[in-house]
Amino acid sequence: MTAQTQPVGIPRSWKTASVLLPGLVLMSAGPALGDRIERHFKVESHPIVTIHNPTGTVTVRAWTKAEVLVIAKRATDRVEVDTEQNANRVEISTRQIPDNASPNDLRADFEISVPEDTELQIHDDSGGVNVSNVLGDMNVETIGAEVALEDTAGFLNVNTVDGGFQCSRCAGRIEAHSISGNFRFAEMRSYHVHAQTSEGNIFFSGEFFPSGIYQLKNYSGVIEVRFQPGDSFDISATSLKGKVNNEAKLTPSSHHHSVRGVGNALFGSMNTGRAKVELSSFDGTINILKRD
Amino acid sequence: MSVANCSQFLNQLEQWMEGQRPADAQSHLRSCPTCQGLVEDLSSIEQTALSMGATETAPPDRLWASLRAQLEQEGIIRTEAHGWIPGVIHWFDGVFSAVPRPALAGAYLVALVGISLALAGPGYRRSNWNDNATRPLSAQLEAEQDTLAGVPSDPAVTASLEKNLAIVDNYIALCEKSVQEDPENEIARDYLYGAYQQKAELLAEMSERGAGQ
């Protein structure tokens with residue numbers, strides 16, 4: 001699954017081209033540069049930044065400059081950092097110098113500053129991904145790397161294998177998939193959340209927007225949703241072989257019927273049922289609890 | 001031919017996917033969630049194929065040929081019973097004919113599982129379920145898994161992928177048990193198919209890593 005991408009136009013004016021074309025160079029960091037590498041790229045609005053870093057942490061923060069700043073720290077000179085600008089796209093990647101280096105030798109950590117409307121595409125197998133205050137669309141793929149997003153927006157698409165995913169004060173649309181990663185959504189302001197992890201736990205606390213859709217699913221583990229008395233949602237919670245615990249005062253649903261073979265199921269509306277909340281688990285526990 | 005019900009819509013599905021959309025078919029689709037779901041699934045597969053073309057990921061012919069034969073033989077799709085399926089398969093072959101084919105099968109594997117699930121959508125599965133229904137998927141995924149045994153990678157990443165493959169296999173086993181105990185349980189079936197899809201995606205990830213080495 002990929003996040004929606006926005007087309008990047010080739011700059012038409014010579015003035016713009018004169019700013020961007022000097023960036024059309026491939027810069028490789030040789031050993032002589034040492035372990036800290038710094039690169040600056042002038043960009044226009046809605047730039048796209050792609051980062052491919054198999055091992056290490058990637059930290060991205062928004063700032064007010066129309067510029068992308070890349071600071072890389074390499075564990076050794078057996079890993080090279082390549083950066084390239086093509087029009088309004090900046091590509092950052094690490095690659096292994098053919099060697100019998102251990103994975104730790106191939107680690108590179110990045111601190112990247114971007115304009116807040118940047119679209120991000122990040123691939124990081126192991127290490128960690130931290131993004132804060134970036135409002136553009138985002139596609140993050142990891143194997144074991146933990147993903148932490150703060151104060152983000154746009155279409156956020158996060159896929160991990162066993163890396164956890166934490167989203168704080170995230171808005172926009174969120175799609176998250178994992179096999180054994182835990183998900184934590186806190187102080188959410190999203191109108192659409194679709195999160196599925198097989199063996200992980202899912203925690204959700206935040207606003208339920210009118211017409212918003214919140215779908216949380218796992219096979220086992222705990223799904224916990226926190227609500228406030230004023231929240232308005234229509235909820236269905238089913239655990240095929242597990243339990244559903246509920247503290248919400250729900251009006252029984254008129255359009256749901258008992259579901260065959262489901263160990264525990266709950267359907268109903270809170271207040272006027274303006275948002276739609278769907279919680280489902282195979283043999284996990286679902287908790288619908290009051291927010292403190 | 002006018003379209004008044006699902007059967008008539010499905011008979012025109014190939015033409016629909018190729019862009020021929022008469023008003024009565026549009027009208028049926030607006031009012032039928034089952035057909036909407038099928039069309040969305042097939043459209044998603046088409047998008048996958050297009051993205052594969054862009055990235056030059058490629059499917060091995062053997063995979064689709066083998067899976068289709070098994071699907072037809074063992075129960076998920078029955079061409080003699082559902083006249084619309086050959087049309088969709090023809091469309092599917094057409095979609096993938098434009099995709100370059102020399103390399104490995106990561107995304108294609110996902111698409112294959114996707115189309116097998118789409119063809120075996122909820123309504124169809126409900127009426128055709130039997131104990132062998134997931135055997136072709138399972139066999140195909142296991143065969144693909146065997147071919148990936150020697151894929152080189154970062155040992156920690158490989159260990160993580162293998163650990164999670166075992167997790168998914170465990171869920172497949174649990175779900176299969178549930179389905180065997182209660183074949184009419186639609187939720188258990190959906191979890192089972194979801195687990196297969198997850199396994200396909202995991203194998204695709206491993207496959208693409210192998211291709212990238």
# chains A, B, ... in the order shown; residues from 1 in each chain; ligands from 1
call {"tool": "closest_atom_pairs", "arguments": {"of": "chain A", "to": "chain B", "cutoff": "10 Å", "atoms": "only C-alpha atoms", "output": "CSV"}}
result
residue,atom,partner,partner_atom,distance
A:Met1,CA,B:Thr48,CA,9.0
A:Pro54,CA,B:Asp154,CA,9.2
A:Thr55,CA,B:Asp154,CA,9.5
A:Ser102,CA,B:Asp154,CA,8.7
A:Pro103,CA,B:Asp154,CA,6.7
A:Asp125,CA,B:Val157,CA,7.2
A:Ser126,CA,B:Val157,CA,7.5
A:Ile143,CA,B:Val157,CA,6.9
A:Gly144,CA,B:Ser160,CA,7.1
A:Val161,CA,B:Asn164,CA,7.1
A:Asp162,CA,B:Ser160,CA,7.3
A:Gly163,CA,B:Ser160,CA,9.8
A:His177,CA,B:Gln198,CA,9.7
A:Ser178,CA,B:Gln198,CA,9.2
A:Ile179,CA,B:Asn164,CA,6.6
A:Ser180,CA,B:Asn164,CA,7.0
A:Ser198,CA,B:Val168,CA,7.8
A:Glu199,CA,B:Ile167,CA,7.8
A:Asn218,CA,B:Tyr191,CA,9.4
A:Tyr219,CA,B:Tyr171,CA,7.6
A:Ser220,CA,B:Tyr171,CA,9.2
A:Thr238,CA,B:Ile187,CA,9.5
A:Ser239,CA,B:Ile187,CA,9.7
A:Leu240,CA,B:Ala188,CA,7.5
A:Lys241,CA,B:Ser178,CA,9.6
A:Val259,CA,B:Ile187,CA,8.8
A:Arg260,CA,B:Asn185,CA,6.5
A:Gly261,CA,B:Asn185,CA,6.0
A:Val262,CA,B:Ile187,CA,7.9
A:Ser280,CA,B:Ile187,CA,9.7
A:Ser281,CA,B:Tyr191,CA,9.0
A:Phe282,CA,B:Tyr191,CA,7.3
A:Asp283,CA,B:Leu174,CA,9.8
call {"tool": "write_last_selection", "arguments": {"atoms": "N, CA and C atoms", "output": "mmCIF file, in the first residue's frame"}}
result
data_model
loop_
_atom_site.group_PDB
_atom_site.id
_atom_site.type_symbol
_atom_site.label_atom_id
_atom_site.label_comp_id
_atom_site.auth_asym_id
_atom_site.auth_seq_id
_atom_site.Cartn_x
_atom_site.Cartn_y
_atom_site.Cartn_z
ATOM 1 N N MET A 1 0.829 -1.197 0.000
ATOM 2 C CA MET A 1 0.000 0.000 0.000
ATOM 3 C C MET A 1 0.876 1.263 0.000
ATOM 4 N N PRO A 54 18.244 1.226 5.711
ATOM 5 C CA PRO A 54 17.930 -0.085 6.284
ATOM 6 C C PRO A 54 18.166 -0.181 7.792
ATOM 7 N N THR A 55 19.231 0.442 8.288
ATOM 8 C CA THR A 55 19.529 0.307 9.710
ATOM 9 C C THR A 55 19.860 1.661 10.314
ATOM 10 N N SER A 102 29.284 -6.081 9.632
ATOM 11 C CA SER A 102 28.141 -6.507 10.437
ATOM 12 C C SER A 102 27.042 -5.453 10.310
ATOM 13 N N PRO A 103 25.798 -5.827 10.606
ATOM 14 C CA PRO A 103 24.703 -4.853 10.501
ATOM 15 C C PRO A 103 24.963 -3.584 11.314
ATOM 16 N N ASP A 125 14.346 -0.531 7.913
ATOM 17 C CA ASP A 125 14.091 -1.888 8.420
ATOM 18 C C ASP A 125 14.171 -1.954 9.935
ATOM 19 N N SER A 126 15.304 -1.493 10.474
ATOM 20 C CA SER A 126 15.478 -1.598 11.919
ATOM 21 C C SER A 126 16.100 -0.312 12.430
ATOM 22 N N ILE A 143 10.490 -2.948 9.074
ATOM 23 C CA ILE A 143 10.357 -4.333 9.541
ATOM 24 C C ILE A 143 10.239 -4.295 11.068
ATOM 25 N N GLY A 144 11.346 -4.000 11.731
ATOM 26 C CA GLY A 144 11.310 -3.981 13.193
ATOM 27 C C GLY A 144 11.395 -2.583 13.778
ATOM 28 N N VAL A 161 6.394 -4.825 10.287
ATOM 29 C CA VAL A 161 6.224 -6.264 10.522
ATOM 30 C C VAL A 161 6.103 -6.509 12.018
ATOM 31 N N ASP A 162 7.120 -6.110 12.789
ATOM 32 C CA ASP A 162 6.944 -6.193 14.237
ATOM 33 C C ASP A 162 7.322 -4.902 14.956
ATOM 34 N N GLY A 163 7.485 -3.868 14.214
ATOM 35 C CA GLY A 163 7.744 -2.580 14.842
ATOM 36 C C GLY A 163 6.465 -1.958 15.390
ATOM 37 N N HIS A 177 -0.777 -0.984 9.386
ATOM 38 C CA HIS A 177 -0.815 -2.452 9.368
ATOM 39 C C HIS A 177 0.466 -3.010 9.970
ATOM 40 N N SER A 178 0.324 -4.070 10.727
ATOM 41 C CA SER A 178 1.483 -4.742 11.292
ATOM 42 C C SER A 178 1.119 -6.192 11.544
ATOM 43 N N ILE A 179 2.132 -6.977 11.848
ATOM 44 C CA ILE A 179 1.840 -8.360 12.251
ATOM 45 C C ILE A 179 1.945 -8.483 13.768
ATOM 46 N N SER A 180 3.050 -8.029 14.334
ATOM 47 C CA SER A 180 3.146 -8.164 15.787
ATOM 48 C C SER A 180 3.489 -6.847 16.486
ATOM 49 N N SER A 198 -1.810 -8.132 13.895
ATOM 50 C CA SER A 198 -2.262 -9.492 14.219
ATOM 51 C C SER A 198 -2.097 -9.797 15.692
ATOM 52 N N GLU A 199 -0.866 -9.669 16.169
ATOM 53 C CA GLU A 199 -0.600 -10.098 17.536
ATOM 54 C C GLU A 199 -0.448 -8.917 18.485
ATOM 55 N N ASN A 218 -7.538 -6.788 15.413
ATOM 56 C CA ASN A 218 -6.385 -7.669 15.635
ATOM 57 C C ASN A 218 -6.862 -9.110 15.714
ATOM 58 N N TYR A 219 -5.890 -10.007 15.785
ATOM 59 C CA TYR A 219 -6.243 -11.422 15.972
ATOM 60 C C TYR A 219 -6.241 -11.744 17.460
ATOM 61 N N SER A 220 -5.159 -11.331 18.133
ATOM 62 C CA SER A 220 -5.120 -11.518 19.581
ATOM 63 C C SER A 220 -4.539 -10.243 20.184
ATOM 64 N N THR A 238 -16.655 -6.831 18.243
ATOM 65 C CA THR A 238 -16.828 -8.286 18.223
ATOM 66 C C THR A 238 -15.508 -8.987 18.466
ATOM 67 N N SER A 239 -15.526 -9.945 19.339
ATOM 68 C CA SER A 239 -14.366 -10.812 19.528
ATOM 69 C C SER A 239 -14.852 -12.241 19.385
ATOM 70 N N LEU A 240 -14.345 -12.889 18.360
ATOM 71 C CA LEU A 240 -14.865 -14.218 18.015
ATOM 72 C C LEU A 240 -14.717 -15.194 19.172
ATOM 73 N N LYS A 241 -13.543 -15.170 19.802
ATOM 74 C CA LYS A 241 -13.318 -16.118 20.888
ATOM 75 C C LYS A 241 -12.848 -15.424 22.166
ATOM 76 N N VAL A 259 -24.674 -12.032 15.874
ATOM 77 C CA VAL A 259 -23.784 -12.579 14.851
ATOM 78 C C VAL A 259 -23.465 -14.010 15.212
ATOM 79 N N ARG A 260 -23.682 -14.872 14.249
ATOM 80 C CA ARG A 260 -23.479 -16.293 14.496
ATOM 81 C C ARG A 260 -22.019 -16.586 14.855
ATOM 82 N N GLY A 261 -21.839 -17.384 15.907
ATOM 83 C CA GLY A 261 -20.519 -17.886 16.240
ATOM 84 C C GLY A 261 -19.608 -16.904 16.931
ATOM 85 N N VAL A 262 -20.074 -15.728 17.231
ATOM 86 C CA VAL A 262 -19.211 -14.741 17.873
ATOM 87 C C VAL A 262 -19.294 -14.908 19.386
ATOM 88 N N SER A 280 -12.722 -5.189 16.186
ATOM 89 C CA SER A 280 -12.887 -6.631 15.999
ATOM 90 C C SER A 280 -11.605 -7.365 16.327
ATOM 91 N N SER A 281 -11.789 -8.514 16.939
ATOM 92 C CA SER A 281 -10.657 -9.340 17.328
ATOM 93 C C SER A 281 -11.031 -10.797 17.136
ATOM 94 N N PHE A 282 -10.020 -11.615 16.900
ATOM 95 C CA PHE A 282 -10.289 -13.051 16.758
ATOM 96 C C PHE A 282 -10.430 -13.680 18.143
ATOM 97 N N ASP A 283 -9.380 -13.605 18.941
ATOM 98 C CA ASP A 283 -9.511 -14.149 20.298
ATOM 99 C C ASP A 283 -8.969 -13.188 21.358
#
call {"tool": "closest_residue", "arguments": {"among": "A:Val158, A:Ile213, A:Val277, A:Ile288", "to": "A:Lys249", "atoms": "only C-alpha atoms"}}
result
A:Ile288
call {"tool": "residues_around", "arguments": {"residues": "stretch 201-206 of chain A", "least_positions_apart": "5", "cutoff": "10 Å", "atoms": "only C-alpha atoms", "output": "PyMOL selection string"}}
result
chain A and resi 164-170+180-190+193+195-196+214+216-228+231+284-291
